[in-house]
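Data file: target_22.txt. Format and content: compact mmCIF, C-alpha atoms.
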# COMPACT_ATOMS: atom_id res chain seq x y z
CA MET A 22 0.00 0.00 0.00
CA GLU A 23 1.28 3.43 -0.99
CA ARG A 24 1.86 6.00 1.73
CA TYR A 25 -0.37 9.03 1.66
CA ASP A 26 1.27 12.26 0.59
CA ALA A 27 -0.68 15.44 1.31
CA ARG A 28 1.26 17.43 -1.29
CA ALA A 29 0.53 15.00 -4.11
CA ARG A 30 -3.14 14.38 -3.42
CA ARG A 31 -6.10 16.32 -2.11
CA ILE A 32 -8.64 14.17 -0.31
CA PRO A 33 -12.15 15.71 -0.30
CA ASP A 34 -13.47 16.83 3.09
CA THR A 35 -16.52 14.58 2.66
CA THR A 36 -14.22 11.55 2.41
CA ILE A 37 -12.17 12.70 5.41
CA ARG A 38 -15.36 12.91 7.45
CA ARG A 39 -16.14 9.23 6.73
CA LEU A 40 -12.65 7.92 7.61
CA PRO A 41 -13.21 7.84 11.41
CA ALA A 42 -16.28 5.63 10.87
CA TYR A 43 -14.18 3.24 8.78
CA LEU A 44 -11.48 3.25 11.44
CA ARG A 45 -13.95 2.34 14.17
CA ALA A 46 -15.49 -0.37 11.96
CA LEU A 47 -12.03 -1.88 11.34
CA ILE A 48 -11.34 -1.99 15.08
CA LEU A 49 -14.80 -3.45 15.80
CA ALA A 50 -14.49 -6.12 13.11
CA GLY A 51 -11.23 -7.46 14.51
CA HIS A 52 -10.55 -9.57 11.41
CA ASP A 53 -7.32 -9.86 9.43
CA ARG A 54 -9.09 -9.04 6.20
CA ILE A 55 -12.33 -7.21 5.57
CA THR A 56 -14.37 -6.71 2.41
CA SER A 57 -15.74 -3.33 1.36
CA GLU A 58 -19.22 -4.81 1.89
CA ALA A 59 -18.49 -5.75 5.53
CA LEU A 60 -16.68 -2.47 6.17
CA GLY A 61 -19.57 -0.49 4.68
CA GLN A 62 -22.14 -2.42 6.72
CA LEU A 63 -20.29 -1.74 9.98
CA ALA A 64 -19.60 1.92 9.17
CA GLY A 65 -23.04 2.68 7.78
CA TYR A 66 -22.06 3.37 4.17
CA SER A 67 -22.42 1.51 0.86
CA SER A 68 -19.60 -0.72 -0.38
CA GLU A 69 -19.29 1.54 -3.43
CA GLN A 70 -18.74 4.53 -1.16
CA VAL A 71 -16.09 2.60 0.83
CA ARG A 72 -14.19 1.61 -2.33
CA LYS A 73 -14.36 5.14 -3.74
CA ASP A 74 -13.19 6.75 -0.48
CA LEU A 75 -10.34 4.33 0.13
CA ALA A 76 -9.10 4.63 -3.45
CA TYR A 77 -8.23 8.29 -2.72
CA PHE A 78 -5.26 7.27 -0.64
CA GLY A 79 -4.18 4.32 -2.70
CA ALA A 80 -5.83 1.60 -0.63
CA PHE A 81 -7.06 -0.92 -3.19
CA GLY A 82 -8.78 -3.99 -1.80
CA THR A 83 -8.35 -7.27 -3.62
CA ARG A 84 -11.63 -8.43 -5.17
CA GLY A 85 -13.22 -11.20 -3.09
CA VAL A 86 -10.47 -10.91 -0.46
CA GLY A 87 -10.83 -7.35 0.75
CA TYR A 88 -8.54 -5.03 2.66
CA GLU A 89 -5.85 -5.93 5.15
CA ALA A 90 -7.52 -4.53 8.27
CA SER A 91 -4.53 -3.58 10.45
CA VAL A 92 -2.65 -1.92 7.56
CA LEU A 93 -5.77 0.01 6.58
CA ALA A 94 -6.44 1.10 10.20
CA ASP A 95 -2.86 2.38 10.55
CA GLU A 96 -3.16 4.20 7.25
CA ILE A 97 -6.37 5.97 8.33
CA ARG A 98 -4.85 6.88 11.73
CA HIS A 99 -1.88 8.32 9.84
CA ILE A 100 -4.02 10.36 7.44
CA LEU A 101 -6.11 11.73 10.31
CA GLN A 102 -2.87 12.48 12.20
CA LEU A 103 -4.22 10.47 15.11
CA ASP A 104 -0.80 8.81 15.41
CA HIS A 105 0.59 12.26 16.29
CA GLY A 106 -1.44 12.72 19.49
CA VAL A 107 -3.87 15.57 18.84
CA ARG A 108 -4.66 17.77 21.84
CA ALA A 109 -7.79 19.87 22.25
CA ILE A 110 -8.97 22.68 24.54
CA VAL A 111 -12.61 22.89 25.67
CA VAL A 112 -13.81 26.48 26.09
CA GLY A 113 -16.80 26.64 28.42
CA ALA A 114 -17.02 24.34 31.45
CA GLY A 115 -20.81 24.42 31.70
CA ARG A 116 -23.04 21.38 31.45
CA LEU A 117 -22.27 20.67 27.81
CA GLY A 118 -18.54 21.47 28.10
CA THR A 119 -17.97 19.15 31.05
CA ALA A 120 -20.05 16.41 29.39
CA LEU A 121 -17.77 16.73 26.35
CA VAL A 122 -14.58 16.44 28.42
CA ARG A 123 -15.89 13.31 30.09
CA HIS A 124 -17.23 11.85 26.85
CA ALA A 125 -13.81 12.28 25.17
CA ASP A 126 -12.10 10.66 28.14
CA GLU A 127 -14.48 7.70 28.15
CA THR A 128 -14.45 6.97 24.44
CA ALA A 129 -10.65 7.11 23.98
CA SER A 130 -10.95 8.88 20.65
CA ASP A 131 -7.20 9.48 20.12
CA VAL A 132 -7.98 13.16 20.72
CA ALA A 133 -6.91 14.17 24.23
CA ILE A 134 -8.63 17.03 26.01
CA ALA A 135 -5.59 18.89 27.35
CA ALA A 136 -7.27 21.92 28.91
CA VAL A 137 -10.66 23.34 29.87
CA VAL A 138 -11.31 27.04 30.49
CA ASP A 139 -14.22 29.23 31.60
CA ILE A 140 -14.90 32.84 32.60
CA ASP A 141 -17.11 32.05 35.61
CA PRO A 142 -15.13 32.51 38.89
CA GLU A 143 -17.41 29.92 40.52
CA VAL A 144 -16.35 27.27 38.00
CA ILE A 145 -12.62 28.13 37.71
CA GLY A 146 -10.51 25.82 39.87
CA LYS A 147 -13.05 22.99 39.87
CA ALA A 148 -12.02 19.51 38.70
CA VAL A 149 -13.44 17.99 35.50
CA ASP A 150 -12.08 14.45 35.36
CA HIS A 151 -8.28 14.75 35.08
CA LEU A 152 -8.34 18.51 34.45
CA THR A 153 -8.84 21.68 36.49
CA VAL A 154 -10.92 24.47 34.98
CA GLU A 155 -8.59 27.41 34.25
CA PRO A 156 -9.54 31.04 33.55
CA LEU A 157 -10.30 31.99 29.94
CA SER A 158 -7.53 34.61 30.21
CA ASN A 159 -5.02 31.72 30.12
CA LEU A 160 -6.31 30.53 26.72
CA GLU A 161 -3.33 31.62 24.60
CA ARG A 162 -0.73 30.45 27.13
CA LEU A 163 -2.37 27.01 27.49
CA ILE A 164 -2.57 26.53 23.71
CA SER A 165 1.10 27.37 23.36
CA GLU A 166 2.42 25.44 26.38
CA ARG A 167 0.34 22.30 25.82
CA GLN A 168 0.73 22.31 22.02
CA ILE A 169 -3.02 22.36 21.46
CA GLY A 170 -4.21 22.14 17.86
CA MET A 171 -7.97 21.80 18.29
CA GLY A 172 -10.57 24.03 19.95
CA ILE A 173 -14.00 22.96 21.17
CA ILE A 174 -16.42 25.82 21.80
CA ALA A 175 -19.18 25.20 24.37
CA VAL A 176 -19.99 28.75 25.47
CA PRO A 177 -23.25 30.75 25.24
CA PRO A 178 -24.00 32.25 21.77
CA ALA A 179 -22.76 35.78 22.55
CA GLY A 180 -19.30 34.58 23.53
CA ALA A 181 -18.74 32.16 20.66
CA GLN A 182 -17.35 34.46 17.94
CA PRO A 183 -14.81 36.23 20.25
CA VAL A 184 -13.63 32.81 21.50
CA LEU A 185 -13.28 31.55 17.92
CA ASP A 186 -11.29 34.64 16.97
CA ARG A 187 -8.93 34.13 19.93
CA LEU A 188 -8.46 30.42 19.13
CA VAL A 189 -7.59 31.26 15.52
CA ALA A 190 -5.20 34.06 16.57
CA ALA A 191 -3.51 31.58 18.93
CA GLY A 192 -2.87 29.20 16.03
CA VAL A 193 -5.72 26.69 16.37
CA ARG A 194 -6.70 25.37 12.94
CA ALA A 195 -9.51 22.91 13.72
CA ILE A 196 -12.55 24.06 15.67
CA LEU A 197 -15.71 22.27 16.76
CA SER A 198 -18.45 24.62 17.96
CA PHE A 199 -21.61 23.70 19.85
CA ALA A 200 -22.72 27.32 20.21
CA PRO A 201 -26.18 27.91 18.72
CA LYS A 202 -24.93 30.67 16.43
CA ALA A 203 -23.45 30.87 12.91
CA LEU A 204 -19.74 31.71 13.23
CA THR A 205 -17.44 33.21 10.62
CA VAL A 206 -13.74 32.79 10.06
CA SER A 207 -11.76 34.67 7.43
CA ASP A 208 -8.68 32.39 7.37
CA PRO A 209 -9.29 29.61 4.79
CA ALA A 210 -6.71 27.40 6.57
CA VAL A 211 -9.05 27.13 9.57
CA PHE A 212 -11.68 24.41 9.53
CA VAL A 213 -14.79 25.06 11.65
CA GLN A 214 -17.36 22.33 12.25
CA GLN A 215 -20.58 23.49 13.89
CA ILE A 216 -22.92 21.16 15.75
CA ASP A 217 -26.03 23.00 16.78
CA LEU A 218 -28.17 20.73 18.93
CA THR A 219 -31.13 23.12 18.82
CA LEU A 220 -31.12 23.21 15.02
CA GLU A 221 -30.75 19.42 14.85
CA MET A 222 -33.82 18.97 17.05
CA GLN A 223 -35.83 21.57 15.13
CA ALA A 224 -34.98 19.92 11.80
CA LEU A 225 -35.94 16.50 13.21
CA ALA A 226 -39.32 17.92 14.23
CA TYR A 227 -40.18 18.00 10.53
CA PHE A 228 -39.87 14.23 10.31
CA VAL A 229 -42.10 13.73 13.35
CA GLY A 230 -44.80 15.65 11.54
CA GLN A 231 -44.04 14.05 8.18
CA SER A 232 -45.10 10.56 9.25
CA GLU A 233 -48.28 11.93 10.87
CA ARG A 234 -49.16 13.69 7.62
CA ASP A 235 -48.43 10.53 5.61
CA THR A 236 -50.90 8.54 7.70
CA PRO A 237 -54.37 8.75 6.17
CA MET B 5 -47.60 33.50 0.16
CA GLU B 6 -48.95 30.04 -0.58
CA ARG B 7 -49.41 27.55 2.23
CA TYR B 8 -47.18 24.52 2.20
CA ASP B 9 -48.84 21.25 1.24
CA ALA B 10 -46.84 18.08 1.97
CA ARG B 11 -48.90 16.04 -0.49
CA ALA B 12 -48.25 18.37 -3.40
CA ARG B 13 -44.54 19.01 -2.85
CA ARG B 14 -41.55 17.10 -1.54
CA ILE B 15 -38.94 19.31 0.09
CA PRO B 16 -35.43 17.78 -0.02
CA ASP B 17 -33.99 16.75 3.37
CA THR B 18 -30.96 19.00 2.78
CA THR B 19 -33.29 22.01 2.52
CA ILE B 20 -35.23 20.94 5.62
CA ARG B 21 -31.97 20.81 7.56
CA ARG B 22 -31.22 24.46 6.70
CA LEU B 23 -34.67 25.78 7.65
CA PRO B 24 -33.99 25.99 11.42
CA ALA B 25 -30.94 28.18 10.71
CA TYR B 26 -33.11 30.52 8.62
CA LEU B 27 -35.71 30.58 11.38
CA ARG B 28 -33.14 31.58 13.99
CA ALA B 29 -31.68 34.20 11.64
CA LEU B 30 -35.15 35.70 11.11
CA ILE B 31 -35.72 35.91 14.87
CA LEU B 32 -32.23 37.38 15.42
CA ALA B 33 -32.63 39.97 12.67
CA GLY B 34 -35.83 41.35 14.15
CA HIS B 35 -36.62 43.39 11.02
CA ASP B 36 -39.91 43.64 9.16
CA ARG B 37 -38.25 42.73 5.89
CA ILE B 38 -35.04 40.87 5.19
CA THR B 39 -33.14 40.27 1.95
CA SER B 40 -31.79 36.85 0.95
CA GLU B 41 -28.29 38.34 1.33
CA ALA B 42 -28.89 39.40 4.96
CA LEU B 43 -30.68 36.14 5.77
CA GLY B 44 -27.85 34.11 4.24
CA GLN B 45 -25.22 36.09 6.14
CA LEU B 46 -26.95 35.50 9.47
CA ALA B 47 -27.67 31.83 8.80
CA GLY B 48 -24.27 31.03 7.31
CA TYR B 49 -25.40 30.22 3.75
CA SER B 50 -25.15 31.98 0.38
CA SER B 51 -28.00 34.20 -0.82
CA GLU B 52 -28.42 31.84 -3.81
CA GLN B 53 -28.90 28.92 -1.43
CA VAL B 54 -31.46 30.91 0.59
CA ARG B 55 -33.48 31.81 -2.52
CA LYS B 56 -33.36 28.23 -3.84
CA ASP B 57 -34.42 26.73 -0.48
CA LEU B 58 -37.24 29.17 0.16
CA ALA B 59 -38.60 28.76 -3.37
CA TYR B 60 -39.43 25.13 -2.49
CA PHE B 61 -42.31 26.20 -0.34
CA GLY B 62 -43.47 29.09 -2.44
CA ALA B 63 -41.76 31.90 -0.51
CA PHE B 64 -40.66 34.31 -3.17
CA GLY B 65 -38.86 37.42 -1.97
CA THR B 66 -39.35 40.67 -3.85
CA ARG B 67 -36.13 41.78 -5.56
CA GLY B 68 -34.47 44.60 -3.61
CA VAL B 69 -37.12 44.38 -0.86
CA GLY B 70 -36.71 40.85 0.41
CA TYR B 71 -38.93 38.61 2.47
CA GLU B 72 -41.55 39.57 5.02
CA ALA B 73 -39.76 38.28 8.13
CA SER B 74 -42.67 37.39 10.43
CA VAL B 75 -44.64 35.65 7.65
CA LEU B 76 -41.56 33.68 6.62
CA ALA B 77 -40.77 32.70 10.23
CA ASP B 78 -44.33 31.44 10.76
CA GLU B 79 -44.14 29.51 7.49
CA ILE B 80 -40.90 27.77 8.54
CA ARG B 81 -42.33 26.97 11.99
CA HIS B 82 -45.36 25.48 10.26
CA ILE B 83 -43.29 23.36 7.84
CA LEU B 84 -41.12 22.07 10.68
CA GLN B 85 -44.29 21.36 12.70
CA LEU B 86 -42.85 23.48 15.51
CA ASP B 87 -46.26 25.14 15.86
CA HIS B 88 -47.64 21.72 16.85
CA GLY B 89 -45.51 21.35 20.01
CA VAL B 90 -43.10 18.49 19.38
CA ARG B 91 -42.22 16.38 22.44
CA ALA B 92 -39.08 14.30 22.81
CA ILE B 93 -37.83 11.57 25.15
CA VAL B 94 -34.17 11.40 26.18
CA VAL B 95 -32.95 7.83 26.68
CA GLY B 96 -29.88 7.77 28.92
CA ALA B 97 -29.57 10.15 31.87
CA GLY B 98 -25.78 10.08 31.98
CA ARG B 99 -23.57 13.12 31.59
CA LEU B 100 -24.45 13.71 27.95
CA GLY B 101 -28.15 12.91 28.37
CA THR B 102 -28.66 15.32 31.26
CA ALA B 103 -26.63 18.01 29.45
CA LEU B 104 -28.99 17.59 26.49
CA VAL B 105 -32.12 17.93 28.65
CA ARG B 106 -30.78 21.12 30.18
CA HIS B 107 -29.53 22.46 26.84
CA ALA B 108 -32.98 21.97 25.29
CA ASP B 109 -34.63 23.68 28.26
CA GLU B 110 -32.25 26.64 28.11
CA THR B 111 -32.39 27.26 24.37
CA ALA B 112 -36.19 27.11 24.02
CA SER B 113 -36.00 25.25 20.74
CA ASP B 114 -39.75 24.62 20.38
CA VAL B 115 -38.95 20.96 21.06
CA ALA B 116 -39.93 20.07 24.62
CA ILE B 117 -38.16 17.26 26.44
CA ALA B 118 -41.15 15.47 27.94
CA ALA B 119 -39.41 12.47 29.54
CA VAL B 120 -35.99 11.09 30.44
CA VAL B 121 -35.32 7.41 31.16
CA ASP B 122 -32.36 5.26 32.25
CA ILE B 123 -31.65 1.67 33.34
CA ASP B 124 -29.36 2.58 36.27
CA PRO B 125 -31.23 2.24 39.61
CA GLU B 126 -28.91 4.88 41.09
CA VAL B 127 -30.08 7.43 38.52
CA ILE B 128 -33.78 6.56 38.36
CA GLY B 129 -35.83 8.94 40.52
CA LYS B 130 -33.31 11.78 40.34
CA ALA B 131 -34.37 15.20 39.08
CA VAL B 132 -33.04 16.61 35.81
CA ASP B 133 -34.42 20.13 35.59
CA HIS B 134 -38.22 19.84 35.45
CA LEU B 135 -38.18 16.05 34.93
CA THR B 136 -37.62 12.96 37.06
CA VAL B 137 -35.57 10.13 35.57
CA GLU B 138 -37.90 7.17 34.99
CA PRO B 139 -36.99 3.52 34.39
CA LEU B 140 -36.33 2.45 30.80
CA SER B 141 -39.07 -0.16 31.21
CA ASN B 142 -41.59 2.71 31.13
CA LEU B 143 -40.41 3.80 27.65
CA GLU B 144 -43.45 2.63 25.66
CA ARG B 145 -45.95 3.89 28.22
CA LEU B 146 -44.32 7.33 28.43
CA ILE B 147 -44.24 7.68 24.63
CA SER B 148 -47.92 6.83 24.40
CA GLU B 149 -49.15 8.85 27.42
CA ARG B 150 -47.11 11.98 26.69
CA GLN B 151 -47.59 11.85 22.91
CA ILE B 152 -43.86 11.78 22.24
CA GLY B 153 -42.79 11.89 18.59
CA MET B 154 -39.01 12.25 18.90
CA GLY B 155 -36.37 10.08 20.55
CA ILE B 156 -32.90 11.20 21.65
CA ILE B 157 -30.47 8.35 22.29
CA ALA B 158 -27.64 9.05 24.75
CA VAL B 159 -26.78 5.54 25.95
CA PRO B 160 -23.52 3.54 25.68
CA PRO B 161 -22.87 1.93 22.25
CA ALA B 162 -24.08 -1.58 23.18
CA GLY B 163 -27.50 -0.33 24.22
CA ALA B 164 -28.16 1.99 21.28
CA GLN B 165 -29.62 -0.41 18.69
CA PRO B 166 -32.08 -2.10 21.11
CA VAL B 167 -33.22 1.36 22.29
CA LEU B 168 -33.69 2.50 18.69
CA ASP B 169 -35.72 -0.63 17.90
CA ARG B 170 -37.97 -0.02 20.91
CA LEU B 171 -38.47 3.65 20.00
CA VAL B 172 -39.45 2.69 16.44
CA ALA B 173 -41.79 -0.07 17.66
CA ALA B 174 -43.42 2.47 19.98
CA GLY B 175 -44.15 4.76 17.03
CA VAL B 176 -41.31 7.31 17.22
CA ARG B 177 -40.43 8.50 13.71
CA ALA B 178 -37.59 10.99 14.32
CA ILE B 179 -34.51 9.92 16.23
CA LEU B 180 -31.33 11.74 17.17
CA SER B 181 -28.55 9.45 18.36
CA PHE B 182 -25.34 10.42 20.14
CA ALA B 183 -24.20 6.82 20.57
CA PRO B 184 -20.78 6.15 19.00
CA LYS B 185 -22.12 3.34 16.84
CA ALA B 186 -23.69 3.04 13.38
CA LEU B 187 -27.39 2.21 13.81
CA THR B 188 -29.73 0.61 11.33
CA VAL B 189 -33.45 1.01 10.85
CA SER B 190 -35.51 -0.96 8.36
CA ASP B 191 -38.58 1.30 8.30
CA PRO B 192 -38.07 4.00 5.62
CA ALA B 193 -40.58 6.26 7.40
CA VAL B 194 -38.17 6.64 10.33
CA PHE B 195 -35.54 9.37 10.13
CA VAL B 196 -32.38 8.79 12.18
CA GLN B 197 -29.81 11.55 12.61
CA GLN B 198 -26.53 10.44 14.20
CA ILE B 199 -24.15 12.83 15.92
CA ASP B 200 -20.99 11.01 16.93
CA LEU B 201 -18.79 13.36 18.94
CA THR B 202 -15.84 10.97 18.81
CA LEU B 203 -15.96 10.74 15.02
CA GLU B 204 -16.34 14.52 14.75
CA MET B 205 -13.19 15.05 16.81
CA GLN B 206 -11.25 12.39 14.92
CA ALA B 207 -12.21 13.91 11.56
CA LEU B 208 -11.21 17.37 12.84
CA ALA B 209 -7.78 15.99 13.79
CA TYR B 210 -7.03 15.79 10.07
CA PHE B 211 -7.36 19.54 9.75
CA VAL B 212 -5.03 20.14 12.71
CA GLY B 213 -2.38 18.15 10.87
CA GLN B 214 -3.28 19.66 7.50
CA SER B 215 -2.19 23.17 8.44
CA GLU B 216 1.05 21.84 9.96
CA ARG B 217 1.81 20.03 6.71
CA ASP B 218 1.00 23.11 4.66
CA THR B 219 3.52 25.15 6.61
CA PRO B 220 6.98 24.84 5.03
Could you quickly redo this structure as structure tokens?
Amino acid sequence: MERYDARARRIPDTTIRRLPAYLRALILAGHDRITSEALGQLAGYSSEQVRKDLAYFGAFGTRGVGYEASVLADEIRHILQLDHGVRAIVVGAGRLGTALVRHADETASDVAIAAVVDIDPEVIGKAVDHLTVEPLSNLERLISERQIGMGIIAVPPAGAQPVLDRLVAAGVRAILSFAPKALTVSDPAVFVQQIDLTLEMQALAYFVGQSERDTP
Amino acid sequence: MERYDARARRIPDTTIRRLPAYLRALILAGHDRITSEALGQLAGYSSEQVRKDLAYFGAFGTRGVGYEASVLADEIRHILQLDHGVRAIVVGAGRLGTALVRHADETASDVAIAAVVDIDPEVIGKAVDHLTVEPLSNLERLISERQIGMGIIAVPPAGAQPVLDRLVAAGVRAILSFAPKALTVSDPAVFVQQIDLTLEMQALAYFVGQSERDTP
């Protein structure tokens, strides 16, 4: 299997977003070899999608035999840089923020939460699993000292954009935001993924109604 | 403006998923009239996307004048069935589950969390905001009695598929799952949205590494 070279190839973001599901499926399967059908089934995608995605980084399964699971898992970890030990900071130690810290700790996602900060004096100094909540004013120092590359925003809507701007200025290039607010970033090298739980629930409400309408 | 008729038109799921962002933008803007440019800016989409999406349900803005904000907001609420009072059940009263109950309560999303259940005897009977955690065995009764149309799954991976199957059997047609596991549903009338925080963080790790690689 060829090694992936970022300079030679550009993998689409949509493919990148499916790789972690393939990685988890490979670990779950626990076989030496796995077919694109089995991999797709476990990951929740079609076998065609699996073959197309994996072809981007030169992983060609052998027809009827499949992929070598451990080699493929290592390759995906390498592409996602998970073999480099990615560290993240959680901004906002409220209910959602602390749930996220604990969730990351429990699921062993290869992404380590290395710091958690808040502005509330009542929350600063409290323990969240293995971490102590530090003041937001330490944001830049923590990012630099702990070599943090990822930011997770779990603050109220009004604070989200200023936090994002500070993360970007401090050199963070991958940001996951749970703030119920559209955020903007001018630097095209920064990737922002927004998960808005309110919007997800509101959109789902449509499908609740849909089935009621479909019933005569 | 025409009223939306589900039998006459089929709105693509991708459009449905953007409607809540438009709704929030309309509320935020607080103007009488809003252009597709301003609406797009606030919602995080292009003005072309806004015009294309809104055209699906017969909302045609007047060039240079825009959309009538309150009429459009009511229309979106109606399409999403938010004017019908959607009720959801949260399955799993762990850290993530309770954070979700409180998040929904705080953000006033028009989706009311009407019940929360768990299998852990230590958790059952505890208060989570306005609710008391009930045993999982009451799932079907709670769904029926409280007219619940939406299910939110926040249980460990092993329990997710059985919970989904029970929700579907009990008549729930819209499901949001936070379990780190691909779930399957055979009934095409059921819509399942999966948010896997572990996968989101792993996929983001790629972009942390990306910018490092791009730097000479």
Under the rule of at most 7 Å, produce a per-residue listing of chain A near chain B: chain, number, name, the closest pair of atoms, and the distance in Å, as a tab-separated table, using only C-alpha atoms.
residue	atom	partner	partner_atom	distance
A:Ile37	CA	B:Ala207	CA	6.3
A:Arg38	CA	B:Ala207	CA	5.3
A:Pro41	CA	B:Leu203	CA	5.4
A:Ala42	CA	B:Leu203	CA	6.6
A:Leu63	CA	B:Ala186	CA	6.8
A:Ala64	CA	B:Ala186	CA	6.0
A:Gly65	CA	B:Ala186	CA	5.6
A:Ile100	CA	B:Tyr210	CA	6.7
A:Leu101	CA	B:Tyr210	CA	4.2
A:Gln102	CA	B:Tyr210	CA	5.7
A:Leu103	CA	B:Ala209	CA	6.7
A:Val107	CA	B:Ala209	CA	6.4
A:Arg116	CA	B:Ala103	CA	5.3
A:Leu117	CA	B:Ala103	CA	5.4
A:Ala120	CA	B:Arg99	CA	5.3
A:Ala125	CA	B:Thr202	CA	6.8
A:Ser130	CA	B:Thr202	CA	5.6
A:Val132	CA	B:Gln206	CA	6.7
A:Gly170	CA	B:Val212	CA	5.6
A:Met171	CA	B:Val212	CA	6.5
A:Arg194	CA	B:Val212	CA	5.5
A:Ala195	CA	B:Val212	CA	5.4
A:Ala203	CA	B:Gly48	CA	5.7
A:Ala210	CA	B:Ser215	CA	6.5
A:Phe212	CA	B:Phe211	CA	6.5
A:Thr219	CA	B:Ser113	CA	5.7
A:Leu220	CA	B:Pro24	CA	5.4
A:Met222	CA	B:Val115	CA	6.8
A:Gln223	CA	B:Pro24	CA	6.1
A:Ala224	CA	B:Arg21	CA	5.3
A:Leu225	CA	B:Ala178	CA	5.9
A:Ala226	CA	B:Leu84	CA	5.8
A:Tyr227	CA	B:Leu84	CA	4.2
A:Phe228	CA	B:Ala178	CA	5.6
A:Val229	CA	B:Ala178	CA	5.4
A:Gly230	CA	B:Gln85	CA	5.8
A:Ser232	CA	B:Ala193	CA	6.5
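Proximity ranking of A:Leu75, A:Ala90, A:Val154, A:Val206 relative to A:His52 places A:Ala90 first, based on only C-alpha atoms.
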Considering all atoms listed in the file, return as a ChimeraX atom specification whatever protein or nucleic-acid residues lie within 7 Å of stretch 139-148 of chain B, sequence-local ones (same chain, fewer than 6 positions apart) excluded. /B:121-123,128,174
Is it possible to get the axis-aligned box enclosing stretch 122-141 of chain A (all listed atoms, 8 Å extra per side) as lines of an AutoDock Vina configuration file, with centre and edge lengths in Å rounded to one decimal?
center_x = -11.4
center_y = 19.9
center_z = 27.9
size_x = 27.6
size_y = 41.9
size_z = 31.5
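Note that atom CA of B:Ile117 and atom CA of B:Gln151 are 11.4 Å apart.
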Using Å and a single decimal, report how far atom CA of B:Pro166 sits from atom CA of B:Glu126. 21.4 Å
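Take atom CA of A:Ile110 and atom CA of A:Glu166: the distance between them is 11.9 Å.
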Counting all atoms listed in the file, the option among B:Val94, B:Ile15, B:Ala162, B:Ala77 closest to B:Leu43: B:Ala77
